[in-house]
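Have a look at upload_38.txt below; it lists compact mmCIF, C-alpha atoms.
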# COMPACT_ATOMS: atom_id res chain seq x y z
CA MET Z 1 0.00 0.00 0.00
CA LYS Z 2 1.16 3.47 -0.73
CA VAL Z 3 -0.15 6.61 0.96
CA LEU Z 4 -0.33 8.96 -1.99
CA GLN Z 5 -0.92 12.11 -0.03
CA LYS Z 6 -2.53 13.87 2.86
CA ILE Z 7 -5.61 15.77 1.72
CA PRO Z 8 -5.19 19.51 2.44
CA ASP Z 9 -7.65 21.03 4.91
CA ASP Z 10 -9.14 23.29 2.25
CA PHE Z 11 -10.25 20.33 0.12
CA ASP Z 12 -13.93 19.55 0.39
CA HIS Z 13 -15.26 18.17 -2.88
CA VAL Z 14 -13.31 15.21 -4.31
CA ILE Z 15 -14.40 13.18 -7.35
CA PHE Z 16 -13.88 9.51 -8.22
CA ASP Z 17 -14.34 9.53 -12.00
CA PHE Z 18 -14.34 6.24 -13.88
CA SER Z 19 -14.79 5.20 -17.50
CA TYR Z 20 -14.30 2.02 -19.52
CA GLY Z 21 -14.94 0.48 -22.91
CA PHE Z 22 -17.54 -2.24 -23.21
CA PRO Z 23 -16.29 -5.83 -23.71
CA SER Z 24 -16.03 -7.19 -27.25
CA TYR Z 25 -18.83 -9.71 -26.63
CA GLY Z 26 -21.48 -7.03 -26.02
CA ARG Z 27 -22.93 -4.80 -23.35
CA ASP Z 28 -21.72 -5.55 -19.86
CA PHE Z 29 -21.04 -2.99 -17.21
CA LEU Z 30 -18.40 -2.06 -14.67
CA ASP Z 31 -19.77 -0.42 -11.56
CA ALA Z 32 -18.13 2.09 -9.25
CA SER Z 33 -19.08 1.82 -5.58
CA ALA Z 34 -18.06 3.47 -2.32
CA LEU Z 35 -18.15 1.52 0.95
CA LEU Z 36 -18.19 3.75 4.03
CA TYR Z 37 -16.65 2.43 7.24
CA ASN Z 38 -16.72 3.26 10.92
CA GLY Z 39 -13.59 1.50 12.20
CA SER Z 40 -13.85 -2.06 10.86
CA HIS Z 41 -17.64 -1.94 10.39
CA CYS Z 42 -19.18 -1.19 6.97
CA ASP Z 43 -21.79 1.44 7.79
CA CYS Z 44 -23.25 1.70 4.26
CA TYR Z 45 -22.40 1.53 0.59
CA VAL Z 46 -23.24 3.76 -2.34
CA ASP Z 47 -23.55 2.52 -5.91
CA TYR Z 48 -25.58 3.27 -9.02
CA ARG Z 49 -28.84 2.07 -7.46
CA ASN Z 50 -28.15 2.50 -3.73
CA ARG Z 51 -27.85 6.19 -3.10
CA PRO Z 52 -28.32 7.79 0.32
CA SER Z 53 -31.85 8.89 1.14
CA TRP Z 54 -32.44 12.45 2.30
CA SER Z 55 -32.74 11.20 5.91
CA SER Z 56 -29.35 9.45 5.86
CA PRO Z 57 -26.45 11.10 7.76
CA VAL Z 58 -24.30 10.71 4.62
CA PHE Z 59 -26.88 12.31 2.28
CA LYS Z 60 -24.93 15.59 1.91
CA ALA Z 61 -21.55 13.85 1.91
CA ILE Z 62 -21.65 11.44 -1.05
CA ARG Z 63 -23.41 11.20 -4.42
CA HIS Z 64 -23.28 8.61 -7.20
CA SER Z 65 -23.95 9.64 -10.80
CA GLY Z 66 -26.23 6.66 -11.45
CA PRO Z 67 -26.08 3.99 -14.18
CA ALA Z 68 -23.14 3.87 -16.57
CA GLY Z 69 -24.94 5.15 -19.63
CA GLY Z 70 -27.10 4.15 -22.52
CA TYR Z 71 -26.46 1.84 -25.41
CA GLY Z 72 -25.51 4.68 -27.75
CA ARG Z 73 -22.22 5.25 -25.95
CA LYS Z 74 -18.92 3.52 -26.63
CA ARG Z 75 -17.73 3.95 -23.05
CA GLY Z 76 -19.41 3.52 -19.70
CA ILE Z 77 -18.98 6.41 -17.26
CA GLN Z 78 -19.67 6.65 -13.53
CA ARG Z 79 -18.77 9.30 -11.00
CA ILE Z 80 -18.86 9.50 -7.21
CA ASP Z 81 -18.75 12.95 -5.61
CA VAL Z 82 -17.60 13.15 -1.98
CA HIS Z 83 -17.89 16.24 0.22
CA LEU Z 84 -15.37 15.62 2.99
CA LYS Z 85 -16.58 18.41 5.26
CA GLU Z 86 -20.11 16.94 5.20
CA MET Z 87 -18.94 13.42 6.04
CA PRO Z 88 -20.25 12.36 9.48
CA GLN Z 89 -17.42 12.24 12.03
CA TYR Z 90 -17.98 8.53 12.71
CA ILE Z 91 -17.12 7.63 9.08
CA ASP Z 92 -13.34 7.25 8.99
CA LYS Z 93 -12.82 5.29 5.75
CA VAL Z 94 -14.29 5.39 2.26
CA PHE Z 95 -13.21 2.51 0.01
CA PHE Z 96 -13.72 2.99 -3.74
CA THR Z 97 -14.31 -0.19 -5.73
CA LEU Z 98 -14.92 -1.26 -9.31
CA SER Z 99 -16.77 -4.48 -10.09
CA SER Z 100 -18.02 -6.26 -13.19
CA TRP Z 101 -21.71 -6.89 -13.71
CA ASP Z 102 -21.65 -10.30 -15.47
CA SER Z 103 -18.07 -10.88 -16.48
CA PRO Z 104 -15.89 -13.02 -14.21
CA SER Z 105 -12.96 -10.69 -14.93
CA ILE Z 106 -12.35 -6.97 -15.20
CA ALA Z 107 -9.75 -7.82 -17.85
CA ASN Z 108 -12.62 -8.25 -20.36
CA TYR Z 109 -13.31 -4.50 -20.42
CA ASP Z 110 -11.49 -2.16 -22.77
CA SER Z 111 -9.21 0.52 -21.30
CA PRO Z 112 -10.70 1.17 -17.86
CA SER Z 113 -9.59 4.57 -16.62
CA LEU Z 114 -9.79 6.07 -13.14
CA HIS Z 115 -9.24 9.66 -12.07
CA PHE Z 116 -9.58 10.78 -8.46
CA TYR Z 117 -9.21 14.53 -7.93
CA ASP Z 118 -10.17 17.71 -6.11
CA ALA Z 119 -13.17 19.22 -7.94
CA ARG Z 120 -11.46 22.64 -8.04
CA HIS Z 121 -8.30 21.21 -9.64
CA PRO Z 122 -9.10 18.23 -11.89
CA GLU Z 123 -5.60 18.36 -13.33
CA THR Z 124 -4.13 17.37 -9.94
CA GLN Z 125 -4.78 13.67 -9.48
CA LEU Z 126 -5.13 12.21 -5.99
CA CYS Z 127 -5.14 8.69 -7.44
CA SER Z 128 -5.06 7.77 -11.10
CA ASP Z 129 -4.70 4.28 -12.43
CA ARG Z 130 -4.99 3.48 -16.10
CA MET Z 131 -5.25 -0.27 -15.28
CA SER Z 132 -3.30 -1.50 -18.29
CA ARG Z 133 -2.50 -4.77 -16.59
CA ALA Z 134 -5.18 -7.43 -16.87
CA ILE Z 135 -6.88 -7.99 -13.57
CA HIS Z 136 -8.42 -11.44 -13.58
CA GLN Z 137 -10.75 -10.73 -10.69
CA GLN Z 138 -14.40 -9.71 -10.61
CA ALA Z 139 -13.69 -6.56 -8.59
CA ILE Z 140 -10.89 -4.20 -7.59
CA ILE Z 141 -10.64 -2.14 -4.43
CA MET Z 142 -8.96 0.85 -6.04
CA CYS Z 143 -8.20 3.25 -3.21
CA CYS Z 144 -9.27 4.44 0.20
CA LEU Z 145 -9.83 7.83 1.75
CA TYR Z 146 -9.22 7.52 5.47
CA ARG Z 147 -9.37 9.96 8.34
CA GLU Z 148 -6.65 9.97 10.96
CA ARG Z 149 -6.56 12.64 13.67
CA ASN Z 150 -9.12 14.67 11.68
CA GLU Z 151 -6.92 14.64 8.57
CA TRP Z 152 -7.99 12.84 5.41
CA ARG Z 153 -5.43 10.80 3.46
CA VAL Z 154 -5.70 8.84 0.24
CA ILE Z 155 -4.07 5.46 -0.22
CA SER Z 156 -3.78 3.53 -3.47
CA LEU Z 157 -4.71 -0.15 -3.19
CA GLY Z 158 -5.46 -1.92 -6.50
CA THR Z 159 -6.46 -5.07 -4.58
CA GLY Z 160 -8.42 -7.73 -6.47
CA SER Z 161 -11.54 -9.31 -4.97
CA SER Z 162 -14.67 -11.28 -5.75
CA GLY Z 163 -18.10 -9.66 -5.41
CA ASN Z 164 -20.19 -7.21 -7.42
CA THR Z 165 -23.25 -4.97 -7.49
CA LYS Z 166 -25.39 -7.22 -9.70
CA ARG Z 167 -27.02 -8.98 -6.78
CA GLU Z 168 -25.70 -6.52 -4.22
CA ASN Z 169 -23.09 -9.15 -3.49
CA TYR Z 170 -20.81 -7.06 -1.30
CA CYS Z 171 -19.90 -9.79 1.21
CA TYR Z 172 -16.71 -10.73 -0.71
CA LEU Z 173 -15.66 -7.10 -1.10
CA LYS Z 174 -16.29 -6.51 2.61
CA TYR Z 175 -14.21 -9.57 3.46
CA THR Z 176 -11.30 -8.29 1.35
CA ILE Z 177 -11.62 -4.80 2.85
CA SER Z 178 -11.65 -6.33 6.35
CA SER Z 179 -8.29 -7.96 5.56
CA ILE Z 180 -6.92 -4.61 4.34
CA ILE Z 181 -8.08 -2.87 7.53
CA GLN Z 182 -6.55 -5.60 9.70
CA ARG Z 183 -3.17 -5.14 7.97
CA GLY Z 184 -3.34 -1.39 8.55
CA LEU Z 185 -3.65 1.61 6.23
CA ARG Z 186 -0.24 3.16 6.60
Have the structure of the file written as C-alpha cells, please.
Amino acid sequence: MKVLQKIPDDFDHVIFDFSYGFPSYGRDFLDASALLYNGSHCDCYVDYRNRPSWSSPVFKAIRHSGPAGGYGRKRGIQRIDVHLKEMPQYIDKVFFTLSSWDSPSIANYDSPSLHFYDARHPETQLCSDRMSRAIHQQAIIMCCLYRERNEWRVISLGTGSSGNTKRENYCYLKYTISSIIQRGLR
C-alpha cells in the first residue's frame, strides 16, 4: 500500500471519475461503488442504485452519478462525488471499488480509466490508475480515503476481490476490505 498524499484542509469536494470500454462480446457494465466504514464496520455503501436517502447522515456527503450510460455510448462512465466536510465524524474510511456486472474478470473491459481529484483542480490527481495490466478478478478495491486525527489521506490499493453490485453481493468485497483494515492503512 502506498499513501499517496494527505488531503489539504481546504479540500472539500473530491471526485472519483471512472470510465471504460464495453467488452467485445457485447454490453456488460463495470460499476463504481463506495463503501463507508466506521472502524472495521461497513456502515453503508453507495452505488448506481443504492444512493443515500435524504434522511441518511451521509446524504450531503456522497453522491453517485447513477447507471453507466445508454447503449448509444462507446464507453461507460460513472462518478462518485464526496464532500469531505459533510462526512459524518464517525465515518473514517471510504473505500472505492470497481466491479463487473456479469463478467468473471475486469480484464474483459477495454481501457478502464480512473481519475480521483479535487473538484477545483481536476488536473491534480489524488489517485489515477490506467489499469493497463489485466486484472483477472471480478472486482478491484482501487483506493481508500481515510481519516486519521481529523486529517484525510488517500491510499492507493489496486487489490483484487470477488463480489459485485449485480445482486448486491458485497460480502466478498467486505471480506477483502476487512483484511486490508486488519493489515493497517499506513
Near Asp118 (chain Z), counting only C-alpha atoms, which residues have an atom at most 8 Å away, once you skip same-chain residues fewer than 5 positions from it, shown as a PyMOL selection string? chain Z and resi 11-15+124-126
A straight line from CA of Gln138 (chain Z) to CA of Pro122 (chain Z) spans 28.5 Å
Distance query 12 Å from (-11.7, 1.2, -11.2) using all atoms listed in the file, result as a PDB file with C-alpha atoms, keeping the file's coordinate frame:
ATOM      1  CA  PHE Z  16     -13.880   9.510  -8.220  1.00  0.00           C
ATOM      2  CA  ASP Z  17     -14.340   9.530 -12.000  1.00  0.00           C
ATOM      3  CA  PHE Z  18     -14.340   6.240 -13.880  1.00  0.00           C
ATOM      4  CA  SER Z  19     -14.790   5.200 -17.500  1.00  0.00           C
ATOM      5  CA  TYR Z  20     -14.300   2.020 -19.520  1.00  0.00           C
ATOM      6  CA  PHE Z  29     -21.040  -2.990 -17.210  1.00  0.00           C
ATOM      7  CA  LEU Z  30     -18.400  -2.060 -14.670  1.00  0.00           C
ATOM      8  CA  ASP Z  31     -19.770  -0.420 -11.560  1.00  0.00           C
ATOM      9  CA  ALA Z  32     -18.130   2.090  -9.250  1.00  0.00           C
ATOM     10  CA  SER Z  33     -19.080   1.820  -5.580  1.00  0.00           C
ATOM     11  CA  ALA Z  34     -18.060   3.470  -2.320  1.00  0.00           C
ATOM     12  CA  GLY Z  76     -19.410   3.520 -19.700  1.00  0.00           C
ATOM     13  CA  ILE Z  77     -18.980   6.410 -17.260  1.00  0.00           C
ATOM     14  CA  GLN Z  78     -19.670   6.650 -13.530  1.00  0.00           C
ATOM     15  CA  ARG Z  79     -18.770   9.300 -11.000  1.00  0.00           C
ATOM     16  CA  ILE Z  80     -18.860   9.500  -7.210  1.00  0.00           C
ATOM     17  CA  PHE Z  95     -13.210   2.510   0.010  1.00  0.00           C
ATOM     18  CA  PHE Z  96     -13.720   2.990  -3.740  1.00  0.00           C
ATOM     19  CA  THR Z  97     -14.310  -0.190  -5.730  1.00  0.00           C
ATOM     20  CA  LEU Z  98     -14.920  -1.260  -9.310  1.00  0.00           C
ATOM     21  CA  SER Z  99     -16.770  -4.480 -10.090  1.00  0.00           C
ATOM     22  CA  SER Z 100     -18.020  -6.260 -13.190  1.00  0.00           C
ATOM     23  CA  ILE Z 106     -12.350  -6.970 -15.200  1.00  0.00           C
ATOM     24  CA  ALA Z 107      -9.750  -7.820 -17.850  1.00  0.00           C
ATOM     25  CA  TYR Z 109     -13.310  -4.500 -20.420  1.00  0.00           C
ATOM     26  CA  SER Z 111      -9.210   0.520 -21.300  1.00  0.00           C
ATOM     27  CA  PRO Z 112     -10.700   1.170 -17.860  1.00  0.00           C
ATOM     28  CA  SER Z 113      -9.590   4.570 -16.620  1.00  0.00           C
ATOM     29  CA  LEU Z 114      -9.790   6.070 -13.140  1.00  0.00           C
ATOM     30  CA  HIS Z 115      -9.240   9.660 -12.070  1.00  0.00           C
ATOM     31  CA  PHE Z 116      -9.580  10.780  -8.460  1.00  0.00           C
ATOM     32  CA  CYS Z 127      -5.140   8.690  -7.440  1.00  0.00           C
ATOM     33  CA  SER Z 128      -5.060   7.770 -11.100  1.00  0.00           C
ATOM     34  CA  ASP Z 129      -4.700   4.280 -12.430  1.00  0.00           C
ATOM     35  CA  ARG Z 130      -4.990   3.480 -16.100  1.00  0.00           C
ATOM     36  CA  MET Z 131      -5.250  -0.270 -15.280  1.00  0.00           C
ATOM     37  CA  SER Z 132      -3.300  -1.500 -18.290  1.00  0.00           C
ATOM     38  CA  ILE Z 135      -6.880  -7.990 -13.570  1.00  0.00           C
ATOM     39  CA  GLN Z 137     -10.750 -10.730 -10.690  1.00  0.00           C
ATOM     40  CA  GLN Z 138     -14.400  -9.710 -10.610  1.00  0.00           C
ATOM     41  CA  ALA Z 139     -13.690  -6.560  -8.590  1.00  0.00           C
ATOM     42  CA  ILE Z 140     -10.890  -4.200  -7.590  1.00  0.00           C
ATOM     43  CA  ILE Z 141     -10.640  -2.140  -4.430  1.00  0.00           C
ATOM     44  CA  MET Z 142      -8.960   0.850  -6.040  1.00  0.00           C
ATOM     45  CA  CYS Z 143      -8.200   3.250  -3.210  1.00  0.00           C
ATOM     46  CA  SER Z 156      -3.780   3.530  -3.470  1.00  0.00           C
ATOM     47  CA  LEU Z 157      -4.710  -0.150  -3.190  1.00  0.00           C
ATOM     48  CA  GLY Z 158      -5.460  -1.920  -6.500  1.00  0.00           C
ATOM     49  CA  THR Z 159      -6.460  -5.070  -4.580  1.00  0.00           C
ATOM     50  CA  GLY Z 160      -8.420  -7.730  -6.470  1.00  0.00           C
TER      51      GLY Z 160
END
In Å to one decimal, how far is CA of Gln182 (chain Z) from CA of Asp43 (chain Z)? 16.9 Å
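Using all atoms listed in the file, the smallest distance between any of Z:Ser40, Z:Lys74, Z:Pro104, Z:Leu185 and Tyr146 (chain Z) comes from Z:Leu185.
Closest approach to Arg153 (chain Z) among Z:Glu123, Z:Asp92, Z:Asp47, Z:Asp110: Z:Asp92, based on all atoms listed in the file.
CA of Tyr45 (chain Z) is found 25.5 Å from CA of Asp10 (chain Z).
Ranking Z:Val154, Z:Cys144, Z:Ile62, Z:Ile91 by their shortest atom-to-atom distance to Tyr37 (chain Z), with all atoms listed in the file included, puts Z:Ile91 first.
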Which of Z:Gly21, Z:Pro88, Z:Pro8, Z:Gly184 sits closest to Pro57 (chain Z) [using only C-alpha atoms]: Z:Pro88
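For the set Z:Asp102, Z:Lys85, Z:Lys174, Z:Trp54, the residue with the smallest atom-to-atom gap to Glu151 (chain Z) is Z:Lys85, counting all atoms listed in the file.
Among Z:Val94, Z:Tyr172, Z:Lys6, Z:Ala61, the residue with the shortest atom-to-atom distance to Val82 (chain Z), counting all atoms listed in the file, is Z:Ala61.
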Hey, could you patch up region 64-99 of chain Z with N, CA and C atoms and hand it over as a PDB file, keeping the file's coordinate frame?
ATOM      1  N   HIS Z  64     -23.654   9.461  -6.062  1.00  0.00           N
ATOM      2  CA  HIS Z  64     -23.280   8.610  -7.200  1.00  0.00           C
ATOM      3  C   HIS Z  64     -24.022   9.119  -8.427  1.00  0.00           C
ATOM      4  N   SER Z  65     -23.362   9.104  -9.572  1.00  0.00           N
ATOM      5  CA  SER Z  65     -23.950   9.640 -10.800  1.00  0.00           C
ATOM      6  C   SER Z  65     -25.111   8.802 -11.325  1.00  0.00           C
ATOM      7  N   GLY Z  66     -25.184   7.544 -10.932  1.00  0.00           N
ATOM      8  CA  GLY Z  66     -26.230   6.660 -11.450  1.00  0.00           C
ATOM      9  C   GLY Z  66     -25.654   5.688 -12.462  1.00  0.00           C
ATOM     10  N   PRO Z  67     -26.530   5.013 -13.236  1.00  0.00           N
ATOM     11  CA  PRO Z  67     -26.080   3.990 -14.180  1.00  0.00           C
ATOM     12  C   PRO Z  67     -25.037   4.496 -15.162  1.00  0.00           C
ATOM     13  N   ALA Z  68     -24.299   3.562 -15.737  1.00  0.00           N
ATOM     14  CA  ALA Z  68     -23.140   3.870 -16.570  1.00  0.00           C
ATOM     15  C   ALA Z  68     -23.446   4.548 -17.881  1.00  0.00           C
ATOM     16  N   GLY Z  69     -24.634   4.491 -18.368  1.00  0.00           N
ATOM     17  CA  GLY Z  69     -24.940   5.150 -19.630  1.00  0.00           C
ATOM     18  C   GLY Z  69     -25.691   4.252 -20.576  1.00  0.00           C
ATOM     19  N   GLY Z  70     -26.254   4.861 -21.571  1.00  0.00           N
ATOM     20  CA  GLY Z  70     -27.100   4.150 -22.520  1.00  0.00           C
ATOM     21  C   GLY Z  70     -26.322   3.375 -23.564  1.00  0.00           C
ATOM     22  N   TYR Z  71     -27.058   2.697 -24.399  1.00  0.00           N
ATOM     23  CA  TYR Z  71     -26.460   1.840 -25.410  1.00  0.00           C
ATOM     24  C   TYR Z  71     -25.866   2.597 -26.581  1.00  0.00           C
ATOM     25  N   GLY Z  72     -26.090   3.899 -26.681  1.00  0.00           N
ATOM     26  CA  GLY Z  72     -25.510   4.680 -27.750  1.00  0.00           C
ATOM     27  C   GLY Z  72     -24.064   5.060 -27.509  1.00  0.00           C
ATOM     28  N   ARG Z  73     -23.587   4.862 -26.305  1.00  0.00           N
ATOM     29  CA  ARG Z  73     -22.220   5.250 -25.950  1.00  0.00           C
ATOM     30  C   ARG Z  73     -21.233   4.111 -26.225  1.00  0.00           C
ATOM     31  N   LYS Z  74     -19.979   4.512 -26.445  1.00  0.00           N
ATOM     32  CA  LYS Z  74     -18.920   3.520 -26.630  1.00  0.00           C
ATOM     33  C   LYS Z  74     -18.199   3.231 -25.327  1.00  0.00           C
ATOM     34  N   ARG Z  75     -18.383   4.126 -24.340  1.00  0.00           N
ATOM     35  CA  ARG Z  75     -17.730   3.950 -23.050  1.00  0.00           C
ATOM     36  C   ARG Z  75     -18.753   4.131 -21.936  1.00  0.00           C
ATOM     37  N   GLY Z  76     -18.607   3.338 -20.893  1.00  0.00           N
ATOM     38  CA  GLY Z  76     -19.410   3.520 -19.700  1.00  0.00           C
ATOM     39  C   GLY Z  76     -18.729   4.550 -18.803  1.00  0.00           C
ATOM     40  N   ILE Z  77     -19.513   5.347 -18.120  1.00  0.00           N
ATOM     41  CA  ILE Z  77     -18.980   6.410 -17.260  1.00  0.00           C
ATOM     42  C   ILE Z  77     -19.756   6.418 -15.950  1.00  0.00           C
ATOM     43  N   GLN Z  78     -19.046   6.461 -14.838  1.00  0.00           N
ATOM     44  CA  GLN Z  78     -19.670   6.650 -13.530  1.00  0.00           C
ATOM     45  C   GLN Z  78     -18.807   7.600 -12.722  1.00  0.00           C
ATOM     46  N   ARG Z  79     -19.467   8.290 -11.798  1.00  0.00           N
ATOM     47  CA  ARG Z  79     -18.770   9.300 -11.000  1.00  0.00           C
ATOM     48  C   ARG Z  79     -19.343   9.279  -9.583  1.00  0.00           C
ATOM     49  N   ILE Z  80     -18.452   9.389  -8.609  1.00  0.00           N
ATOM     50  CA  ILE Z  80     -18.860   9.500  -7.210  1.00  0.00           C
ATOM     51  C   ILE Z  80     -18.270  10.794  -6.669  1.00  0.00           C
ATOM     52  N   ASP Z  81     -19.153  11.676  -6.198  1.00  0.00           N
ATOM     53  CA  ASP Z  81     -18.750  12.950  -5.610  1.00  0.00           C
ATOM     54  C   ASP Z  81     -18.779  12.809  -4.090  1.00  0.00           C
ATOM     55  N   VAL Z  82     -17.692  13.232  -3.437  1.00  0.00           N
ATOM     56  CA  VAL Z  82     -17.600  13.150  -1.980  1.00  0.00           C
ATOM     57  C   VAL Z  82     -17.304  14.552  -1.436  1.00  0.00           C
ATOM     58  N   HIS Z  83     -18.108  14.964  -0.466  1.00  0.00           N
ATOM     59  CA  HIS Z  83     -17.890  16.240   0.220  1.00  0.00           C
ATOM     60  C   HIS Z  83     -17.356  15.913   1.612  1.00  0.00           C
ATOM     61  N   LEU Z  84     -16.048  16.046   1.763  1.00  0.00           N
ATOM     62  CA  LEU Z  84     -15.370  15.620   2.990  1.00  0.00           C
ATOM     63  C   LEU Z  84     -15.868  16.349   4.227  1.00  0.00           C
ATOM     64  N   LYS Z  85     -16.146  17.618   4.097  1.00  0.00           N
ATOM     65  CA  LYS Z  85     -16.580  18.410   5.260  1.00  0.00           C
ATOM     66  C   LYS Z  85     -17.995  18.045   5.712  1.00  0.00           C
ATOM     67  N   GLU Z  86     -18.758  17.391   4.858  1.00  0.00           N
ATOM     68  CA  GLU Z  86     -20.110  16.940   5.200  1.00  0.00           C
ATOM     69  C   GLU Z  86     -20.132  15.505   5.730  1.00  0.00           C
ATOM     70  N   MET Z  87     -18.993  14.817   5.624  1.00  0.00           N
ATOM     71  CA  MET Z  87     -18.940  13.420   6.040  1.00  0.00           C
ATOM     72  C   MET Z  87     -19.129  13.338   7.559  1.00  0.00           C
ATOM     73  N   PRO Z  88     -20.071  12.510   8.033  1.00  0.00           N
ATOM     74  CA  PRO Z  88     -20.250  12.360   9.480  1.00  0.00           C
ATOM     75  C   PRO Z  88     -18.923  11.962  10.145  1.00  0.00           C
ATOM     76  N   GLN Z  89     -18.680  12.465  11.321  1.00  0.00           N
ATOM     77  CA  GLN Z  89     -17.420  12.240  12.030  1.00  0.00           C
ATOM     78  C   GLN Z  89     -17.137  10.748  12.262  1.00  0.00           C
ATOM     79  N   TYR Z  90     -18.185   9.958  12.427  1.00  0.00           N
ATOM     80  CA  TYR Z  90     -17.980   8.530  12.710  1.00  0.00           C
ATOM     81  C   TYR Z  90     -17.504   7.741  11.486  1.00  0.00           C
ATOM     82  N   ILE Z  91     -17.649   8.290  10.286  1.00  0.00           N
ATOM     83  CA  ILE Z  91     -17.120   7.630   9.080  1.00  0.00           C
ATOM     84  C   ILE Z  91     -15.647   7.993   8.973  1.00  0.00           C
ATOM     85  N   ASP Z  92     -14.778   6.978   9.045  1.00  0.00           N
ATOM     86  CA  ASP Z  92     -13.340   7.250   8.990  1.00  0.00           C
ATOM     87  C   ASP Z  92     -12.646   6.629   7.781  1.00  0.00           C
ATOM     88  N   LYS Z  93     -13.404   5.886   6.961  1.00  0.00           N
ATOM     89  CA  LYS Z  93     -12.820   5.290   5.750  1.00  0.00           C
ATOM     90  C   LYS Z  93     -13.876   5.246   4.655  1.00  0.00           C
ATOM     91  N   VAL Z  94     -13.440   5.550   3.436  1.00  0.00           N
ATOM     92  CA  VAL Z  94     -14.290   5.390   2.260  1.00  0.00           C
ATOM     93  C   VAL Z  94     -13.464   4.602   1.247  1.00  0.00           C
ATOM     94  N   PHE Z  95     -13.881   3.362   0.979  1.00  0.00           N
ATOM     95  CA  PHE Z  95     -13.210   2.510   0.010  1.00  0.00           C
ATOM     96  C   PHE Z  95     -13.932   2.632  -1.331  1.00  0.00           C
ATOM     97  N   PHE Z  96     -13.169   2.876  -2.400  1.00  0.00           N
ATOM     98  CA  PHE Z  96     -13.720   2.990  -3.740  1.00  0.00           C
ATOM     99  C   PHE Z  96     -13.415   1.705  -4.501  1.00  0.00           C
ATOM    100  N   THR Z  97     -14.466   1.093  -5.053  1.00  0.00           N
ATOM    101  CA  THR Z  97     -14.310  -0.190  -5.730  1.00  0.00           C
ATOM    102  C   THR Z  97     -14.868  -0.131  -7.146  1.00  0.00           C
ATOM    103  N   LEU Z  98     -14.391  -1.035  -7.972  1.00  0.00           N
ATOM    104  CA  LEU Z  98     -14.920  -1.260  -9.310  1.00  0.00           C
ATOM    105  C   LEU Z  98     -15.255  -2.737  -9.395  1.00  0.00           C
ATOM    106  N   SER Z  99     -16.414  -3.070  -9.955  1.00  0.00           N
ATOM    107  CA  SER Z  99     -16.770  -4.480 -10.090  1.00  0.00           C
ATOM    108  C   SER Z  99     -17.527  -4.715 -11.388  1.00  0.00           C
TER     109      SER Z  99
END
